[in-house]
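Peer 1: So here's model_34.tsv, just TSV, C-alpha atoms:
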```tsv
chain	number	residue	atom	x	y	z
A	26	MET	CA	-6.02	-6.82	-33.34
A	27	SER	CA	-5.16	-8.78	-30.22
A	28	ALA	CA	-1.60	-9.75	-29.39
A	29	ARG	CA	-0.66	-13.18	-30.63
A	30	ALA	CA	0.64	-15.79	-28.23
A	31	ASP	CA	4.32	-16.54	-28.68
A	32	PRO	CA	5.09	-20.10	-27.55
A	33	ALA	CA	8.81	-19.27	-27.69
A	34	ALA	CA	8.73	-16.31	-25.29
A	35	PRO	CA	12.28	-15.24	-24.41
A	36	ALA	CA	13.74	-16.51	-21.14
A	37	GLN	CA	15.12	-13.05	-20.40
A	38	ALA	CA	12.81	-10.19	-21.32
A	39	PRO	CA	14.39	-6.93	-22.52
A	40	ALA	CA	14.90	-4.35	-19.81
A	41	ALA	CA	12.73	-1.89	-21.72
A	42	LEU	CA	9.75	-4.25	-21.56
A	43	ARG	CA	10.20	-4.78	-17.83
A	44	PHE	CA	10.47	-1.04	-17.24
A	45	ARG	CA	7.34	-0.21	-19.24
A	46	LEU	CA	5.36	-3.02	-17.68
A	47	LEU	CA	6.18	-1.93	-14.13
A	48	ASN	CA	6.07	1.84	-14.69
A	49	GLU	CA	2.98	2.13	-16.88
A	50	HIS	CA	0.74	-0.46	-15.25
A	51	GLN	CA	0.70	0.44	-11.56
A	52	ARG	CA	-2.89	1.60	-12.03
A	53	GLY	CA	-5.66	1.27	-14.59
A	54	PHE	CA	-5.20	-2.49	-14.94
A	55	PRO	CA	-7.62	-3.79	-17.59
A	56	LEU	CA	-10.98	-5.02	-16.31
A	57	VAL	CA	-11.54	-7.49	-19.13
A	58	ASP	CA	-11.66	-11.27	-19.25
A	59	ALA	CA	-8.02	-11.56	-20.40
A	60	PRO	CA	-6.25	-8.56	-18.79
A	61	TYR	CA	-2.68	-9.71	-19.44
A	62	ALA	CA	-3.47	-10.07	-23.13
A	63	ALA	CA	-4.80	-6.50	-23.10
A	64	VAL	CA	-1.58	-5.30	-21.46
A	65	ALA	CA	0.44	-7.24	-24.02
A	66	GLN	CA	-1.46	-5.57	-26.83
A	67	ARG	CA	-0.60	-2.14	-25.43
A	68	LEU	CA	3.07	-3.10	-25.23
A	69	GLU	CA	3.09	-4.91	-28.60
A	70	VAL	CA	4.41	-8.16	-27.13
A	71	SER	CA	2.93	-11.56	-26.44
A	72	GLU	CA	0.77	-12.39	-23.45
A	73	GLU	CA	3.32	-15.05	-22.49
A	74	ALA	CA	6.09	-12.42	-22.40
A	75	VAL	CA	4.05	-10.24	-20.04
A	76	LEU	CA	3.28	-13.16	-17.72
A	77	ALA	CA	6.93	-14.26	-17.77
A	78	VAL	CA	8.23	-10.81	-16.79
A	79	LEU	CA	5.68	-10.49	-13.98
A	80	ALA	CA	6.50	-13.98	-12.70
A	81	ARG	CA	10.20	-13.11	-12.54
A	82	CYS	CA	9.49	-9.80	-10.79
A	83	LEU	CA	7.28	-11.57	-8.27
A	84	ALA	CA	9.93	-14.23	-7.66
A	85	ASP	CA	12.76	-11.74	-7.12
A	86	GLY	CA	10.64	-9.45	-4.94
A	87	THR	CA	10.57	-6.48	-7.31
A	88	ILE	CA	6.78	-6.52	-7.13
A	89	ALA	CA	4.56	-7.55	-4.25
A	90	ARG	CA	1.65	-8.59	-6.43
A	91	VAL	CA	-0.62	-7.56	-9.25
A	92	GLY	CA	-3.69	-6.41	-7.43
A	93	ALA	CA	-5.63	-3.72	-5.64
A	94	VAL	CA	-4.84	-1.02	-3.11
A	95	ILE	CA	-7.95	-0.54	-0.99
A	96	ALA	CA	-8.82	2.96	0.21
A	97	PRO	CA	-8.49	3.33	3.99
A	98	HIS	CA	-11.74	2.79	5.90
A	99	SER	CA	-13.71	1.94	2.76
A	100	VAL	CA	-14.36	-1.73	3.61
A	101	GLY	CA	-13.00	-2.02	7.14
A	102	VAL	CA	-10.80	-0.10	9.55
A	103	SER	CA	-7.06	0.48	9.75
A	104	THR	CA	-4.56	2.42	11.81
A	105	LEU	CA	-0.88	3.20	12.21
A	106	ALA	CA	0.56	2.10	15.55
A	107	ALA	CA	3.93	2.14	17.27
A	108	LEU	CA	5.84	0.64	20.19
A	109	ARG	CA	8.87	1.67	22.18
A	110	VAL	CA	11.04	-1.46	22.18
A	111	ARG	CA	14.45	-2.10	23.72
A	112	GLU	CA	17.01	-2.73	21.00
A	113	ASP	CA	17.95	-6.09	22.51
A	114	ASP	CA	14.28	-7.14	22.34
A	115	LEU	CA	13.45	-5.71	18.92
A	116	GLU	CA	13.70	-8.94	16.94
A	117	ARG	CA	11.37	-10.79	19.31
A	118	VAL	CA	8.74	-8.07	19.37
A	119	ALA	CA	8.95	-7.46	15.63
A	120	ALA	CA	8.41	-11.17	14.98
A	121	LEU	CA	5.28	-11.39	17.11
A	122	VAL	CA	3.89	-8.21	15.53
A	123	SER	CA	4.58	-9.49	12.00
A	124	ALA	CA	2.92	-12.81	12.81
A	125	ARG	CA	-0.43	-11.05	13.29
A	126	ARG	CA	-2.68	-11.41	10.26
A	127	GLU	CA	-4.02	-7.91	10.91
A	128	VAL	CA	-0.54	-6.38	10.36
A	129	SER	CA	0.31	-5.48	6.78
A	130	HIS	CA	3.43	-3.33	7.31
A	131	ASN	CA	6.00	-3.51	10.10
A	132	TYR	CA	9.16	-1.37	10.16
A	133	ALA	CA	11.90	-0.43	12.60
A	134	ARG	CA	12.66	3.29	12.46
A	135	ASP	CA	15.25	5.53	14.04
A	136	GLY	CA	14.04	7.47	17.04
A	137	ASP	CA	11.43	6.89	19.71
A	138	PRO	CA	9.12	5.02	19.26
A	139	ASN	CA	11.15	2.67	17.08
A	140	LEU	CA	8.72	-0.04	15.86
A	141	TRP	CA	5.92	1.12	13.55
A	142	PHE	CA	3.20	-1.06	12.07
A	143	VAL	CA	-0.11	-0.83	10.19
A	144	LEU	CA	-3.11	-2.88	11.28
A	145	ASN	CA	-6.25	-3.64	9.26
A	146	ALA	CA	-9.45	-5.39	10.32
A	147	ALA	CA	-13.09	-5.78	9.41
A	148	ASP	CA	-14.32	-3.71	12.38
A	149	PRO	CA	-13.07	-1.54	15.27
A	150	ALA	CA	-13.55	-4.29	17.86
A	151	THR	CA	-11.26	-6.70	15.99
A	152	LEU	CA	-8.70	-3.95	15.49
A	153	GLY	CA	-8.75	-3.01	19.17
A	154	GLN	CA	-8.43	-6.63	20.25
A	155	ALA	CA	-5.38	-7.08	18.02
A	156	MET	CA	-3.68	-4.02	19.54
A	157	ASP	CA	-4.47	-5.22	23.07
A	158	GLU	CA	-3.02	-8.66	22.35
A	159	ILE	CA	0.11	-7.17	20.78
A	160	GLU	CA	0.58	-4.92	23.82
A	161	ARG	CA	0.33	-7.85	26.25
A	162	ALA	CA	2.62	-10.12	24.23
A	163	ALA	CA	5.23	-7.45	23.53
A	164	ALA	CA	5.43	-6.29	27.15
A	165	SER	CA	7.11	-3.12	25.90
A	166	GLY	CA	4.68	-0.54	27.17
A	167	PRO	CA	1.50	0.82	25.61
A	168	VAL	CA	0.76	0.57	21.89
A	169	LEU	CA	0.51	4.11	20.56
A	170	ASN	CA	-2.40	4.48	18.14
A	171	PHE	CA	-2.50	7.07	15.34
A	172	PRO	CA	-5.77	6.76	13.35
A	173	LEU	CA	-5.97	8.43	9.95
A	174	LEU	CA	-8.00	11.65	10.01
A	175	GLU	CA	-7.41	13.17	6.58
A	176	GLU	CA	-5.46	12.08	3.52
A	177	TYR	CA	-3.64	14.37	1.13
A	178	ARG	CA	-1.61	11.86	-0.91
A	179	ILE	CA	-1.80	8.11	-0.34
A	180	ASP	CA	-0.85	4.99	-2.33
A	181	LEU	CA	-0.16	6.64	-5.64
A	182	GLY	CA	2.55	4.29	-6.86
A	183	PHE	CA	6.06	5.18	-7.99
A	184	ASP	CA	7.16	6.94	-11.15
A	185	MET	CA	10.35	5.04	-11.97
A	186	ARG	CA	11.68	7.59	-14.47
A	187	GLY	CA	13.53	9.68	-11.89
A	188	PRO	CA	13.83	10.40	-8.17
A	189	ALA	CA	11.21	8.61	-6.09
A	190	GLN	CA	7.99	10.49	-6.67
A	191	ALA	CA	4.38	9.45	-6.40
A	192	SER	CA	2.84	9.05	-9.83
A	193	GLU	CA	-0.12	11.19	-10.66
A	194	GLN	CA	-3.61	9.90	-10.03
A	195	PRO	CA	-6.96	11.21	-11.22
A	196	ALA	CA	-9.31	12.51	-8.58
A	197	TRP	CA	-11.40	9.87	-6.84
A	198	ARG	CA	-14.66	9.91	-4.98
A	199	ARG	CA	-14.63	8.95	-1.34
A	200	ALA	CA	-16.24	5.61	-0.70
A	201	PRO	CA	-18.86	5.03	2.00
A	202	CYS	CA	-17.16	4.37	5.34
A	203	PRO	CA	-17.29	1.45	5.43
A	204	LEU	CA	-19.04	0.11	2.33
A	205	PRO	CA	-21.61	-2.58	3.18
A	206	LEU	CA	-20.59	-5.85	1.52
A	207	THR	CA	-22.51	-9.00	0.67
A	208	LEU	CA	-21.06	-12.37	1.64
A	209	ALA	CA	-19.93	-12.92	-1.96
A	210	GLU	CA	-18.27	-9.48	-2.05
A	211	ARG	CA	-16.44	-10.22	1.19
A	212	ALA	CA	-15.23	-13.49	-0.33
A	213	LEU	CA	-14.15	-11.64	-3.48
A	214	LEU	CA	-12.21	-9.10	-1.46
A	215	GLY	CA	-10.59	-11.86	0.60
A	216	ALA	CA	-9.49	-13.62	-2.59
A	217	LEU	CA	-8.26	-10.37	-4.14
A	218	GLU	CA	-6.09	-9.47	-1.17
A	219	SER	CA	-3.38	-11.93	-2.26
A	220	GLY	CA	-3.34	-10.49	-5.79
A	221	LEU	CA	-4.36	-11.62	-9.25
A	222	ALA	CA	-3.12	-15.00	-10.43
A	223	LEU	CA	-0.60	-14.90	-13.27
A	224	THR	CA	-2.89	-16.84	-15.58
A	225	ARG	CA	-4.75	-15.94	-18.74
A	226	HIS	CA	-8.08	-15.42	-16.95
A	227	PRO	CA	-7.37	-14.29	-13.38
A	228	TYR	CA	-10.82	-12.80	-12.81
A	229	ARG	CA	-12.37	-16.21	-13.48
A	230	GLU	CA	-10.19	-17.62	-10.69
A	231	LEU	CA	-11.42	-14.91	-8.32
A	232	ALA	CA	-14.97	-15.75	-9.39
A	233	ALA	CA	-14.51	-19.41	-8.53
A	234	GLN	CA	-13.33	-18.49	-5.02
A	235	ALA	CA	-16.15	-16.01	-4.44
A	236	GLY	CA	-19.00	-18.05	-5.91
A	237	MET	CA	-19.58	-15.46	-8.64
A	238	THR	CA	-19.31	-15.40	-12.42
A	239	GLY	CA	-16.36	-13.81	-14.16
A	240	GLU	CA	-18.62	-11.05	-15.46
A	241	GLN	CA	-19.88	-10.33	-11.95
A	242	VAL	CA	-16.31	-10.05	-10.66
A	243	VAL	CA	-15.29	-7.61	-13.39
A	244	ASP	CA	-18.43	-5.53	-12.87
A	245	THR	CA	-17.93	-5.46	-9.10
A	246	LEU	CA	-14.28	-4.44	-9.37
A	247	ARG	CA	-15.20	-1.72	-11.86
A	248	ASP	CA	-17.85	-0.40	-9.45
A	249	TRP	CA	-15.30	-0.39	-6.61
A	250	VAL	CA	-12.77	1.52	-8.71
A	251	GLN	CA	-15.37	4.11	-9.69
A	252	ALA	CA	-16.62	4.46	-6.11
A	253	GLY	CA	-13.11	4.89	-4.71
A	254	VAL	CA	-13.07	1.62	-2.75
A	255	ILE	CA	-10.15	0.44	-4.90
A	256	ARG	CA	-7.60	3.23	-4.91
A	257	ARG	CA	-5.63	1.65	-7.71
A	258	LEU	CA	-5.55	-1.68	-9.52
A	259	GLY	CA	-2.31	-2.79	-11.10
A	260	VAL	CA	1.30	-3.76	-10.45
A	261	ILE	CA	2.35	-3.12	-6.83
A	262	VAL	CA	6.10	-2.47	-6.84
A	263	ARG	CA	8.45	-2.76	-3.85
A	264	HIS	CA	10.41	0.48	-3.56
A	265	ARG	CA	13.50	-1.01	-1.85
A	266	GLU	CA	13.94	-3.62	-4.55
A	267	MET	CA	13.65	-0.83	-7.14
A	268	GLY	CA	16.68	0.87	-5.58
A	269	TYR	CA	14.92	3.35	-3.28
A	270	ARG	CA	16.48	2.01	-0.08
A	271	ALA	CA	16.35	5.21	1.96
A	272	ASN	CA	13.02	6.38	3.31
A	273	ALA	CA	11.99	8.73	6.07
A	274	MET	CA	8.74	9.50	7.82
A	275	ALA	CA	8.67	13.19	8.73
A	276	VAL	CA	6.13	14.49	11.24
A	277	TRP	CA	5.12	17.96	12.41
A	278	ASP	CA	3.02	19.36	15.23
A	279	VAL	CA	0.75	21.82	13.39
A	280	PRO	CA	-2.29	23.62	14.85
A	281	ASP	CA	-5.37	21.60	13.98
A	282	GLY	CA	-7.02	24.52	12.24
A	283	GLN	CA	-4.08	24.86	9.84
A	284	VAL	CA	-3.03	21.28	9.21
A	285	GLY	CA	-5.21	20.86	6.11
A	286	ALA	CA	-3.62	23.78	4.29
A	287	PHE	CA	-0.11	22.68	5.21
A	288	GLY	CA	-0.88	19.09	4.28
A	289	ARG	CA	-2.19	19.93	0.84
A	290	ALA	CA	0.83	22.12	0.15
A	291	LEU	CA	3.24	19.43	1.34
A	292	ALA	CA	1.51	16.74	-0.72
A	293	ALA	CA	2.22	18.72	-3.88
A	294	CYS	CA	5.96	19.00	-3.17
A	295	PRO	CA	8.60	17.04	-5.12
A	296	GLY	CA	9.51	13.65	-3.70
A	297	VAL	CA	6.51	13.28	-1.38
A	298	THR	CA	5.00	9.83	-1.80
A	299	LEU	CA	2.57	9.83	1.15
A	300	CYS	CA	1.05	12.70	3.11
A	301	TYR	CA	-1.77	12.64	5.65
A	302	ARG	CA	-3.08	13.88	8.98
A	303	ARG	CA	-3.27	11.48	11.92
A	304	GLU	CA	-4.62	11.72	15.42
A	305	ARG	CA	-2.13	12.71	18.12
A	306	SER	CA	-1.38	10.38	21.05
A	307	LEU	CA	-0.89	12.82	23.92
A	308	PRO	CA	1.19	13.24	25.93
A	309	ASP	CA	3.54	10.77	24.20
A	310	TRP	CA	3.23	12.00	20.62
A	311	PRO	CA	2.06	15.54	19.73
A	312	PHE	CA	2.53	15.24	15.95
A	313	ASN	CA	-0.39	15.28	13.53
A	314	LEU	CA	1.04	15.93	10.02
A	315	TYR	CA	2.96	13.10	8.34
A	316	CYS	CA	4.76	12.67	5.05
A	317	MET	CA	6.97	9.99	3.51
A	318	VAL	CA	9.92	10.57	1.20
A	319	HIS	CA	11.81	7.76	-0.55
A	320	GLY	CA	15.24	8.05	-2.15
A	321	ARG	CA	18.30	6.10	-3.18
A	322	GLU	CA	20.42	7.43	-0.31
A	323	PRO	CA	19.71	9.23	3.00
A	324	GLY	CA	21.36	12.53	2.03
A	325	ALA	CA	18.97	13.02	-0.86
A	326	VAL	CA	15.99	12.27	1.39
A	327	ARG	CA	17.17	14.79	4.01
A	328	SER	CA	17.69	17.42	1.33
A	329	THR	CA	14.22	16.85	-0.11
A	330	LEU	CA	12.59	17.07	3.30
A	331	ALA	CA	14.47	20.25	4.21
A	332	GLY	CA	13.58	21.91	0.94
A	333	ASN	CA	9.93	20.96	1.23
A	334	ALA	CA	9.75	22.22	4.83
A	335	ARG	CA	11.14	25.57	3.71
A	336	ALA	CA	8.79	25.76	0.73
A	337	CYS	CA	5.76	25.05	2.92
A	338	ALA	CA	6.81	27.32	5.82
A	339	LEU	CA	6.93	24.34	8.19
A	340	GLU	CA	10.34	25.09	9.67
A	341	GLY	CA	8.91	26.84	12.74
A	342	PHE	CA	6.84	23.87	13.93
A	343	PRO	CA	8.10	21.04	16.17
A	344	ALA	CA	9.15	18.15	13.94
A	345	ARG	CA	10.90	14.81	13.80
A	346	VAL	CA	12.42	12.74	10.99
A	347	LEU	CA	12.42	8.95	11.45
A	348	PHE	CA	14.43	7.00	8.89
A	349	GLY	CA	13.45	3.44	8.12
A	350	ARG	CA	15.95	0.83	9.32
A	351	THR	CA	14.52	-2.65	8.87
A	352	ARG	CA	11.49	-3.87	6.94
A	353	PHE	CA	10.04	-6.77	8.86
A	354	LYS	CA	6.81	-7.13	6.87
A	355	GLN	CA	5.16	-5.59	3.81
A	356	GLN	CA	2.04	-6.97	2.19
A	357	GLY	CA	-1.43	-5.94	1.11
A	358	ALA	CA	-4.04	-5.30	3.78
A	359	ARG	CA	-6.04	-8.33	4.92
A	360	TYR	CA	-9.48	-7.15	5.99
A	361	PHE	CA	-11.30	-10.48	5.64
A	362	PRO	CA	-8.66	-13.24	5.81
A	363	GLU	CA	-11.26	-15.72	7.01
A	364	MET	CA	-12.96	-15.34	3.60
A	365	GLN	CA	-9.92	-16.20	1.49
A	366	HIS	CA	-10.87	-19.87	1.26
A	367	ALA	CA	-14.60	-19.51	1.77
A	368	ARG	CA	-16.92	-19.94	-1.15
A	369	PRO	CA	-20.51	-18.81	-0.56
A	370	HIS	CA	-23.31	-20.22	-2.63
A	371	ALA	CA	-23.81	-18.34	-5.88
```
Go through the file and emit its structure as structure tokens.

Peer 2:
Amino acid sequence: MSARADPAAPAQAPAALRFRLLNEHQRGFPLVDAPYAAVAQRLEVSEEAVLAVLARCLADGTIARVGAVIAPHSVGVSTLAALRVREDDLERVAALVSARREVSHNYARDGDPNLWFVLNAADPATLGQAMDEIERAAASGPVLNFPLLEEYRIDLGFDMRGPAQASEQPAWRRAPCPLPLTLAERALLGALESGLALTRHPYRELAAQAGMTGEQVVDTLRDWVQAGVIRRLGVIVRHREMGYRANAMAVWDVPDGQVGAFGRALAACPGVTLCYRRERSLPDWPFNLYCMVHGREPGAVRSTLAGNARACALEGFPARVLFGRTRFKQQGARYFPEMQHARPHA
């Protein structure tokens, strides 16, 4: 039996409903014509109550969107980059970096370099052009580029029941790199990048923007999930707004022949939310193994990192810990922003 609509949905949803909605629906979002009604049925509430809670969470910044996390390099290219910026020039440079449509994340971190950002684009040429233009405009020295080489734990969401910990995810298949897309599929991805509308039939709205039918959109998204193009589909929470205000990026210089074993061991440790291998940028940056740990306060993050380094026998390798200071930008990747308002012929 489907959940009945409740025209008198409460203005303030119970905390338990908000918790379950955010914690249990970060992945596996229903690929049906009325997905919010399907979520409501699982939670034994009305569709209106679900939409109301999500609207409030979106308005107060608790969630970034309801949408997809795209696997790196599955439909375009992306990289992590950094700049060494004078403290008295940080606001200016951070603003011009954040203004770039290719930039999805932009953070100031302790240490050197101190400004770190993620870029995404449809192809390597566009990505390279964006980095060149940032370097010229920033006038802060070269942009250091750290392409992803191997992932061990990425974009798994947060389990909100305890200390910040990536939620479990079933194994996925690697997608073609990159997946060839039709014009309609590019338009669909461009529309999806901003998230699903908080309406009864959000996939129909995506279909209208992409020049597809609702059934075609659902089938395409299901194919992308199964192929590994979409890493997860669901509620995208913001960790700082959930109380996890301390985060650190720890890096190690590990021999290339051993980094995979160390990375897989580190990814399985408590508290690790992201773990991957990236290309070095010699001679400026010799580190190739990265992990992220989030916590409610810095001491807990330091303790988690120290314990994990001991458990994985990483203490003998050169390392750095860079705590996050300021979040200048955080949004979903925009691979095809020019397609967001395009509608190809069906």

Peer 1: Which neighbours of range 225-233 of chain A fall inside 8 Å, counting all atoms listed in the file, when residues of the same chain fewer than 4 positions from it are skipped, and could you give them as a PyMOL selection string?

Peer 2: chain A and resi 58-62+213+216-217+221+237-239+241-243+368

Peer 1: Write the residues you've just listed into a file as a compact mmCIF listing (two decimals), keeping the file's coordinate frame, and include C-alpha atoms for each of them.

Peer 2:
```txt
# COMPACT_ATOMS: atom_id res chain seq x y z
CA ASP A 58 -11.66 -11.27 -19.25
CA ALA A 59 -8.02 -11.56 -20.40
CA PRO A 60 -6.25 -8.56 -18.79
CA TYR A 61 -2.68 -9.71 -19.44
CA ALA A 62 -3.47 -10.07 -23.13
CA LEU A 213 -14.15 -11.64 -3.48
CA ALA A 216 -9.49 -13.62 -2.59
CA LEU A 217 -8.26 -10.37 -4.14
CA LEU A 221 -4.36 -11.62 -9.25
CA MET A 237 -19.58 -15.46 -8.64
CA THR A 238 -19.31 -15.40 -12.42
CA GLY A 239 -16.36 -13.81 -14.16
CA GLN A 241 -19.88 -10.33 -11.95
CA VAL A 242 -16.31 -10.05 -10.66
CA VAL A 243 -15.29 -7.61 -13.39
CA ARG A 368 -16.92 -19.94 -1.15
```

Peer 1: Grab the CA of Gly259 in chain A to CA of Tyr315 in chain A distance for me, in Å with one decimal place.

Peer 2: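 Computed distance, CA of Gly259 in chain A to CA of Tyr315 in chain A, equals 25.7 Å.
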
Peer 1: Quick one: pull the distance between CA of Ser71 in chain A and CA of Phe44 in chain A, Å, one decimal.

Peer 2: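 If I compute the distance from CA of Ser71 in chain A to CA of Phe44 in chain A, I get 15.9 Å.
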
Peer 1: Do you know which residues are at most 9 Å from Pro323 in chain A counting all atoms listed in the file, after dropping those on the same chain fewer than 6 positions away, and could you put them as a PyMOL selection string?

Peer 2: chain A and resi 270-273+348

Peer 1: May I have the selected residues written with C-alpha atoms, as a PDB file, keeping the file's coordinate frame?

Peer 2:
```
ATOM      1  CA  ARG A 270      16.480   2.010  -0.080  1.00  0.00           C
ATOM      2  CA  ALA A 271      16.350   5.210   1.960  1.00  0.00           C
ATOM      3  CA  ASN A 272      13.020   6.380   3.310  1.00  0.00           C
ATOM      4  CA  ALA A 273      11.990   8.730   6.070  1.00  0.00           C
ATOM      5  CA  PHE A 348      14.430   7.000   8.890  1.00  0.00           C
TER       6      PHE A 348
END
```

Peer 1: To one decimal in Å, tell me the separation between CA of Ser123 in chain A and CA of Asn145 in chain A.

Peer 2: 12.6 Å

Peer 1: For Gly296 in chain A, which of A:Gln283, A:Ser165, A:Thr207, A:Asn333 is the closest residue, counting all atoms listed in the file?

Peer 2: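 Between A:Gln283, A:Ser165, A:Thr207, A:Asn333, the residue approaching Gly296 in chain A most closely is A:Asn333.
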
Peer 1: Quick one: everything within 9 Å of Leu347 in chain A, counting only C-alpha atoms, minus sequence neighbours fewer than 4 positions away in the same chain. Send it as a PyMOL selection string.

Peer 2: chain A and resi 134-137+139+272-276

Peer 1: For range 300-310 of chain A, work out the shell of residues within 9 Å, counting all atoms listed in the file and skipping chain neighbours fewer than 4 positions away, then give it as a ChimeraX atom specification.

Peer 2: /A:105,169-179,278,284-285,288-289,291-292,314-317

Peer 1: Neighbouring residues of Ala325 in chain A were defined as those with any atom within 12 Å, considering only C-alpha atoms; residues of the same chain fewer than 3 positions away were excluded. Please report them as a list in words.

Peer 2: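 Surrounding residues, per the criterion: Pro188, Ala189, Tyr269, Arg270, Ala271, Asn272, Ala273, Pro295, Gly296, Val318, His319, Gly320, Arg321, Glu322, Ser328, Thr329, Leu330, Ala331 and Gly332 of chain A.
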
Peer 1: Given all atoms listed in the file as the basis, pick out the residue of A:Phe361, A:Ala252, A:Thr224, A:Ile95 nearest to Glu73 in chain A.

Peer 2: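 Smallest distance to Glu73 in chain A is found for A:Thr224.
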
Peer 1: Mind listing whatever residues come within 12 Å of the point (0.7, 24.6, 17.2)? Use all atoms listed in the file, file coordinates, and give them as a PDB file with C-alpha atoms, keeping the file's coordinate frame.

Peer 2:
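Okay, this is what ended up in part-v3.pdb:
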```pdb
ATOM      1  CA  TRP A 277       5.120  17.960  12.410  1.00  0.00           C
ATOM      2  CA  ASP A 278       3.020  19.360  15.230  1.00  0.00           C
ATOM      3  CA  VAL A 279       0.750  21.820  13.390  1.00  0.00           C
ATOM      4  CA  PRO A 280      -2.290  23.620  14.850  1.00  0.00           C
ATOM      5  CA  ASP A 281      -5.370  21.600  13.980  1.00  0.00           C
ATOM      6  CA  GLY A 282      -7.020  24.520  12.240  1.00  0.00           C
ATOM      7  CA  GLN A 283      -4.080  24.860   9.840  1.00  0.00           C
ATOM      8  CA  VAL A 284      -3.030  21.280   9.210  1.00  0.00           C
ATOM      9  CA  PRO A 311       2.060  15.540  19.730  1.00  0.00           C
ATOM     10  CA  PHE A 312       2.530  15.240  15.950  1.00  0.00           C
ATOM     11  CA  ASN A 313      -0.390  15.280  13.530  1.00  0.00           C
ATOM     12  CA  LEU A 314       1.040  15.930  10.020  1.00  0.00           C
ATOM     13  CA  LEU A 339       6.930  24.340   8.190  1.00  0.00           C
ATOM     14  CA  GLY A 341       8.910  26.840  12.740  1.00  0.00           C
ATOM     15  CA  PHE A 342       6.840  23.870  13.930  1.00  0.00           C
ATOM     16  CA  PRO A 343       8.100  21.040  16.170  1.00  0.00           C
ATOM     17  CA  ALA A 344       9.150  18.150  13.940  1.00  0.00           C
TER      18      ALA A 344
END
```

Peer 1: Hey, could you pull the box centre and edge lengths for range 354-362 of chain A, axis-aligned, 6 Å padding per side, all listed atoms, to one decimal in Å, as JSON?

Peer 2:
```
{"center_x": -2.2, "center_y": -9.3, "center_z": 4.0, "size_x": 30.1, "size_y": 19.9, "size_z": 17.8}
```
